[in-house]
Amino acid sequence: MRSWVQRYYFPRPTELRLTVERTKVEGAKCPACGSDDVRRYPIANEHGARMATKCQACLHVLKIERPGPDDIWPPFRSVTYDWEPSLAERASRELLLRSQKEQKE
Amino acid sequence: MAGTEFMTAKEVEGQYGVDLVTAETLRAGLIEVTRHMYRALKRSAFSNAVRELQDFGVCVHLVEGDDGTELVSITEGCTHFAFTQPHMSNFVIDEWGIDNLGPGDTLICNDPWRGSIHMPDVNLFRPVFWKGEPLFVLSDASHLIDIGGPVAGGFNNAATEFYAEGLRIPPMLITSGDKPVRSTMALILENTRTPMHNLGDLRALFGTMKVGEERLLALLERYGKEKVIAGSRYTLDLAERRMRAAIEAIPDGVYEAEEWIDDDGLGDEPLRLHASARVAGGAVEIDFSGTDRQPLGSLTTCWEETNRVLVGPKMILDPNHPMNSGMFRAFHVLAPAGCAMMGLPPTSNSQHTEMGTKICALSVKLFGSMVDKSRAVAADGGTTHAYIVGGIDNRPGREGTPFGLVVAEGIGWGGTAVQDGISFCGPPIYGISSSVVELMERDGPIAIRGIDLVMDGAGAGQFRSGYSNTVLIECTNGVVYLSMVLDSGRFVREGSGGGGSGMTSYMFKVKKNPDNSIPIVNGIIPLDHLEPLVGKFNERGEPDPENGEWGRGAQFRTTKLTGYPLHEGEVLLIIAATGGGYGNPLERDPRLVRSDVWNERMSVSAAERIYGVVLGHKTLEIDENATAETRERMNVQQQRHEWKIPVSVLDPWPKTWQELVQGDAAGSSPVATAGAA
């Protein structure tokens with residue numbers, strides 16, 4: 001896994017027209033049609049940004065997963081994304097948990 | 001989920017654990033929740049974009065554990081929110097963490113890289129708890145009239161970075177335990193030009209959430225958690241089944257389409273948008289590879305086209321079913337990072353509107369090419385045709401009051417295989433209402449001197465395009481500043497099925513008569529009263545979308561003006577592009593042609609020149625024999641490629657008032673129709 005990279009500021013691409021890169025998954029075979037042209041690439045589905053592993057011959061979906069840090073997908077992500085929430089940010093939740101605990105007791 | 005569109009009552013009960021009547025009642029009940037939210041927001045909003053244009057969306061999302069959320073219901077409003085809110089809910093809730101939210105919490109976010117459309121749109125997300133468990137998320141998206149930054153209204157078309165567009169708000173608590181978070185409120189109100197307006201709008205949004213929460217809790221109280229969740233899943237699955245059934249009827253294969261945008265507002269280079277759609281096994285993969293890189297100017301979008309592109313298949317494949325995330329499940333969308341519709345920070349996106357209209361048009365074209373021609377639609381006007389007017393109101397009693405308004409008056413949609421295109425409606429991506437003239441004139445120092453169609457402006461066809469509204473706007477006090485949300489000035493909007501292309505967009509300064517009147521008949525002002533700002537003109541200075549040169553004799557070579565000053569007494573004329581026609585105009589029912597002439601939408605000469613319909617100049621009655629002869633001759637010429645359907649525009653355009661009302665030496669008035677009888 002690559003080290004953390006900032007995703008706040010990107011240079012403008014130099015290529016005039018852009019293409020989504022589909023990375024071949026070595027050794028994978030499509031269970032639906034048997035093709036070995038299986039690739040992993042960034043998509044948007046009903047939930048948003050995901051990584052798809054799909055057969056390029058029949059579009060069978062082998063796997064849908066949340067993007068990892070290496071995927072840089074979606075393009076922007078806040079440095080605070082994985083931080084612990086502060087107490088202020090969880091105040092109502094803490095109140096709820098406290099009242100639930102009191103009810104049980 | 002694959003399968004047939006419909007399920008039997010037994011299958012519904014077996015799969016969801018509720019009977020069909022209850023499942024359908026809950027499906028309607030979830031939509032009804034959003035209808036209550038709609039009414040609450042529309043009645044209480046301060047922003048004219050919300051109050052009049054319906055530039056908002058109110059939604060219910062189902063919480064699905066680690067997967068995120070899915071939009072389960074939405075009602076009327078601005079179309080694209082039905083497509084953007086599902087992703088945005090996931091961005092915001094995923095980042096904050098549903099487990100960090102409690103009852104009465106509301107998050108706000110306006111970040112385009114987290115799914116918002118642009119920064120003036122604030123989006124609120126509120127979890128709804130039932131017995132201590134967050135089951136749903138309510139959201140409302142609403143266009144604030146100003147979000148700060150150097151240009152009133154937030155549409156800084158000259159910006160190259162988002163820092164110059166206004167306040168970017170990451171997910172933040174705006175209510176905690178049902179109380180407004182003071183620091184968040186202060187941040188917004190102290191960084192925007194219309195704080196009291198914005199306070200009113202934020203309170204309207206809080207109230208909307210409370211109404212939605214009450215209605216949703218009432219549904220849970222009556223039916224219980226299990227049934228409401230089951231009804232939600234049924235609702236989502238039904239939309240998915242319908243969409244997949246429509247896709248399965250399309251031949252598998254790869255389809256492609258492209259669209260062009262005039263320029264990015266800074267440079268002179270047109271922008272190419274390209275998408276392919278691969279259809280296989282009841283699913284579609286849409287890929288924007290081949291699209292131009294992000295421009296320097298503000299004509300970039302940052303995420304939202306991954307979902308706004310689905311407006312096309314919704315319109316073409318399953319237009320009648322209520323919208324929810326279930327239809328999304330049949331699509332994967334690929335968008336290369338750094339292209340014009342997946343711009344990277346810190347790019348600007350003030351002109352997202354023109355990207356949105358063109359992406360939608362591209363998508364309608366793409367999916368229209370997959371289906372039977374009876375369901376295809378010619379290109380619409382391809383522009384938002386909206387103007388953000390702002391400044392300081394110094395009218396008596398209002399001295400020094402900041403104001404902001406959105407003027408939106410609708411465009412012409414493309415013709416279809418069965419009827420003429422819709423007139424005077426916001427483009428399909430928005431479907432918003434028009435601004436209310438009286439309220440605009442009350443709320444800002446402007447007068448709308450006219451809203452009209454341009455005679456002969458509709459794209460020709462067996463079924464012609466709709467007409468776009470033109471706007472004549474005057475500043476009535478001091479100076480106002482306008483930012484233009486307009487495109488389709490350079491490239492005509494194409495017809496379909498053999499139809500003709502529509503008129504392109506134009507802007508002019510208008511020279512009024514000494515008595516303050518404006519010489520206009522049927523949307524036409526003579527050339528000697530027009531000072532061209534932008535458009536395509538021929539060597540005679542006439543608007544000429546087909547053979548004219550872009551920017552010839554005009555002040556600008558872009559329609560995307562920012563902070564354009566209009567001083568007291570000055571008048572601006574804005575003509576928005578129309579869509580293309582459908583089918584050969586020589587096959588249009590002559591009675592429909594006559595009707596257009598009778599209603600002063602079409603000139604007598606255009607009826608003959610484009611449609612081959614000969615009308616008596618005095619009587620406006622159809623000359624059957626002359627029409628048959630003319631059409632026969634034009635048909636032959638068309639087959640020999642000696643005649644082609646002209647791009648729609650009044651030709652010739654009168655030079656003087658005299659020519660406009662009485663005609664030139666050669667004949668009668670070009671625009672007089674019923675009046676000539």
# chains A, B, ... in the order shown; residues from 1 in each chain; ligands from 1
$ interface_residues --of "chain B" --to "chain A" --cutoff "7 Å" --atoms "only C-alpha atoms" --output "mmCIF file with N, CA and C atoms, in the first residue's frame"
data_model
loop_
_atom_site.group_PDB
_atom_site.id
_atom_site.type_symbol
_atom_site.label_atom_id
_atom_site.label_comp_id
_atom_site.auth_asym_id
_atom_site.auth_seq_id
_atom_site.Cartn_x
_atom_site.Cartn_y
_atom_site.Cartn_z
ATOM 1 N N GLY B 68 -24.558 1.598 3.262
ATOM 2 C CA GLY B 68 -24.850 3.027 3.146
ATOM 3 C C GLY B 68 -26.331 3.275 3.138
ATOM 4 N N THR B 69 -26.783 4.185 2.282
ATOM 5 C CA THR B 69 -28.205 4.519 2.212
ATOM 6 C C THR B 69 -28.679 4.441 0.761
ATOM 7 N N GLU B 70 -29.980 4.254 0.612
ATOM 8 C CA GLU B 70 -30.580 4.351 -0.722
ATOM 9 C C GLU B 70 -31.798 5.261 -0.643
ATOM 10 N N PRO B 86 -28.996 10.744 -3.644
ATOM 11 C CA PRO B 86 -28.584 9.413 -3.172
ATOM 12 C C PRO B 86 -27.087 9.316 -2.913
ATOM 13 N N HIS B 87 -26.280 9.813 -3.829
ATOM 14 C CA HIS B 87 -24.832 9.752 -3.609
ATOM 15 C C HIS B 87 -24.409 10.675 -2.476
ATOM 16 N N ASN B 90 -24.837 9.278 0.899
ATOM 17 C CA ASN B 90 -23.793 8.292 1.201
ATOM 18 C C ASN B 90 -22.455 8.956 1.522
ATOM 19 N N GLU B 95 -18.940 9.663 5.815
ATOM 20 C CA GLU B 95 -17.811 10.413 6.396
ATOM 21 C C GLU B 95 -18.051 10.737 7.871
ATOM 22 N N ASN B 100 -22.278 8.126 14.911
ATOM 23 C CA ASN B 100 -21.924 9.349 15.641
ATOM 24 C C ASN B 100 -23.072 10.347 15.673
ATOM 25 N N LEU B 101 -24.205 9.979 15.135
ATOM 26 C CA LEU B 101 -25.351 10.885 15.093
ATOM 27 C C LEU B 101 -26.408 10.464 16.094
ATOM 28 N N GLY B 102 -27.094 11.444 16.655
ATOM 29 C CA GLY B 102 -28.169 11.165 17.597
ATOM 30 C C GLY B 102 -29.453 11.850 17.162
ATOM 31 N N PRO B 103 -30.553 11.610 17.900
ATOM 32 C CA PRO B 103 -31.825 12.262 17.560
ATOM 33 C C PRO B 103 -31.691 13.784 17.584
ATOM 34 N N ASP B 105 -30.079 15.559 15.454
ATOM 35 C CA ASP B 105 -28.882 16.022 14.745
ATOM 36 C C ASP B 105 -29.209 16.247 13.273
ATOM 37 N N TRP B 113 -17.423 18.070 -4.241
ATOM 38 C CA TRP B 113 -16.645 16.818 -4.244
ATOM 39 C C TRP B 113 -17.232 15.783 -3.292
ATOM 40 N N SER B 176 -27.964 20.181 16.677
ATOM 41 C CA SER B 176 -27.520 19.112 17.572
ATOM 42 C C SER B 176 -28.582 18.976 18.645
ATOM 43 N N GLY B 177 -29.155 17.813 18.783
ATOM 44 C CA GLY B 177 -30.239 17.633 19.750
ATOM 45 C C GLY B 177 -31.368 18.615 19.497
ATOM 46 N N ALA B 280 -25.625 -5.056 -21.491
ATOM 47 C CA ALA B 280 -25.448 -6.512 -21.450
ATOM 48 C C ALA B 280 -26.152 -7.072 -20.234
ATOM 49 N N SER B 289 -15.144 7.977 -20.811
ATOM 50 C CA SER B 289 -13.822 8.046 -21.435
ATOM 51 C C SER B 289 -13.944 8.698 -22.809
ATOM 52 N N GLY B 290 -12.959 9.535 -23.128
ATOM 53 C CA GLY B 290 -13.008 10.252 -24.397
ATOM 54 C C GLY B 290 -13.511 11.674 -24.241
ATOM 55 N N THR B 291 -13.910 12.028 -23.012
ATOM 56 C CA THR B 291 -14.335 13.401 -22.733
ATOM 57 C C THR B 291 -13.096 14.280 -22.550
ATOM 58 N N ASP B 292 -13.229 15.560 -22.953
ATOM 59 C CA ASP B 292 -12.108 16.500 -22.802
ATOM 60 C C ASP B 292 -11.708 16.649 -21.339
ATOM 61 N N ARG B 293 -10.455 16.998 -21.145
ATOM 62 C CA ARG B 293 -9.977 17.269 -19.783
ATOM 63 C C ARG B 293 -10.692 18.497 -19.210
ATOM 64 N N THR B 306 -22.011 11.597 -12.508
ATOM 65 C CA THR B 306 -22.111 10.143 -12.390
ATOM 66 C C THR B 306 -23.543 9.718 -12.077
ATOM 67 N N SER B 325 -33.769 5.086 -5.696
ATOM 68 C CA SER B 325 -32.442 4.533 -5.993
ATOM 69 C C SER B 325 -32.501 3.149 -6.621
ATOM 70 N N PHE B 328 -31.122 2.950 -9.984
ATOM 71 C CA PHE B 328 -29.665 3.123 -10.089
ATOM 72 C C PHE B 328 -28.938 1.777 -10.176
ATOM 73 N N ARG B 329 -29.559 0.753 -9.582
ATOM 74 C CA ARG B 329 -28.837 -0.517 -9.415
ATOM 75 C C ARG B 329 -28.468 -1.161 -10.749
ATOM 76 N N PHE B 331 -27.125 0.336 -13.203
ATOM 77 C CA PHE B 331 -26.103 1.116 -13.908
ATOM 78 C C PHE B 331 -24.791 1.182 -13.124
ATOM 79 N N HIS B 332 -23.704 1.098 -13.850
ATOM 80 C CA HIS B 332 -22.395 1.494 -13.347
ATOM 81 C C HIS B 332 -21.914 2.636 -14.237
ATOM 82 N N VAL B 333 -21.397 3.675 -13.625
ATOM 83 C CA VAL B 333 -20.935 4.832 -14.397
ATOM 84 C C VAL B 333 -19.443 5.026 -14.165
ATOM 85 N N LEU B 334 -18.702 5.155 -15.250
ATOM 86 C CA LEU B 334 -17.255 5.363 -15.189
ATOM 87 C C LEU B 334 -16.951 6.792 -15.630
ATOM 88 N N ALA B 335 -16.119 7.460 -14.870
ATOM 89 C CA ALA B 335 -15.794 8.853 -15.188
ATOM 90 C C ALA B 335 -14.313 9.083 -14.915
ATOM 91 N N PRO B 336 -13.526 9.368 -15.947
ATOM 92 C CA PRO B 336 -12.093 9.559 -15.720
ATOM 93 C C PRO B 336 -11.809 10.794 -14.859
ATOM 94 N N ALA B 337 -11.071 10.605 -13.786
ATOM 95 C CA ALA B 337 -10.725 11.729 -12.916
ATOM 96 C C ALA B 337 -9.916 12.748 -13.709
ATOM 97 N N GLY B 338 -10.349 13.992 -13.626
ATOM 98 C CA GLY B 338 -9.647 15.061 -14.332
ATOM 99 C C GLY B 338 -10.309 15.460 -15.631
ATOM 100 N N CYS B 339 -11.375 14.741 -16.019
ATOM 101 C CA CYS B 339 -12.085 15.173 -17.228
ATOM 102 C C CYS B 339 -13.091 16.253 -16.839
ATOM 103 N N LEU B 344 -11.015 17.916 -10.873
ATOM 104 C CA LEU B 344 -10.242 17.702 -9.644
ATOM 105 C C LEU B 344 -10.092 19.014 -8.877
ATOM 106 N N PRO B 345 -10.072 18.971 -7.553
ATOM 107 C CA PRO B 345 -9.859 20.198 -6.808
ATOM 108 C C PRO B 345 -8.468 20.766 -7.119
ATOM 109 N N PRO B 346 -8.341 22.070 -7.227
ATOM 110 C CA PRO B 346 -9.310 23.102 -6.829
ATOM 111 C C PRO B 346 -10.074 23.713 -7.996
#
$ select_by_dssp --residues "segment 422-572 of chain B" --states "helix (DSSP H, G or I)" --output "list in words"
Val437, Glu438, Leu439, Met440, Glu441, Arg442, Asp443, Leu527, Asp528 and His529 of chain B
$ write_last_selection --atoms "C-alpha atoms" --output "compact mmCIF listing (two decimals), in the first residue's frame"
# COMPACT_ATOMS: atom_id res chain seq x y z
CA VAL B 437 -42.26 38.55 -12.66
CA GLU B 438 -44.20 40.53 -10.06
CA LEU B 439 -42.20 39.05 -7.17
CA MET B 440 -38.87 39.68 -8.91
CA GLU B 441 -39.79 43.29 -9.54
CA ARG B 442 -40.83 43.63 -5.89
CA ASP B 443 -37.63 42.08 -4.56
CA LEU B 527 -31.57 45.54 -35.92
CA ASP B 528 -31.20 49.30 -35.56
CA HIS B 529 -32.43 48.97 -31.98
$ select_by_dssp --residues "segment 29-101 of chain A" --states "strand (DSSP E)" --output "PyMOL selection string"
chain A and resi 38-44+49-55+61-65
$ write_last_selection --atoms "C-alpha atoms" --output "tab-separated table (two decimals), in the first residue's frame"
chain	number	residue	atom	x	y	z
A	38	VAL	CA	-11.33	-9.64	-15.77
A	39	ARG	CA	-10.56	-6.08	-14.74
A	40	ARG	CA	-10.85	-3.86	-11.68
A	41	TYR	CA	-11.78	-0.19	-12.01
A	42	PRO	CA	-13.52	2.75	-10.30
A	43	ILE	CA	-17.27	3.16	-10.78
A	44	ALA	CA	-20.25	4.95	-9.33
A	49	ALA	CA	-17.91	5.54	-5.27
A	50	ARG	CA	-16.97	1.88	-5.44
A	51	MET	CA	-14.38	-0.38	-7.09
A	52	ALA	CA	-15.77	-3.01	-9.43
A	53	THR	CA	-14.15	-6.22	-10.58
A	54	LYS	CA	-15.95	-7.22	-13.77
A	55	CYS	CA	-15.64	-9.50	-16.72
A	61	VAL	CA	-19.74	-8.53	-11.72
A	62	LEU	CA	-17.23	-10.52	-9.68
A	63	LYS	CA	-16.86	-8.07	-6.85
A	64	ILE	CA	-17.95	-4.63	-5.65
A	65	GLU	CA	-15.92	-3.13	-2.83
$ residues_around --residues "Gly400 of chain B" --least-positions-apart "3" --cutoff "12 Å" --atoms "only C-alpha atoms" --output "JSON, numbers by chain"
{"B": [193, 194, 391, 392, 393, 394, 395, 396, 397, 403, 444, 445, 477, 478]}
$ closest_residue --among "B:Thr562, B:Thr84, B:Asn516, B:Thr401" --to "Val151 of chain B" --atoms "only C-alpha atoms"
B:Thr562
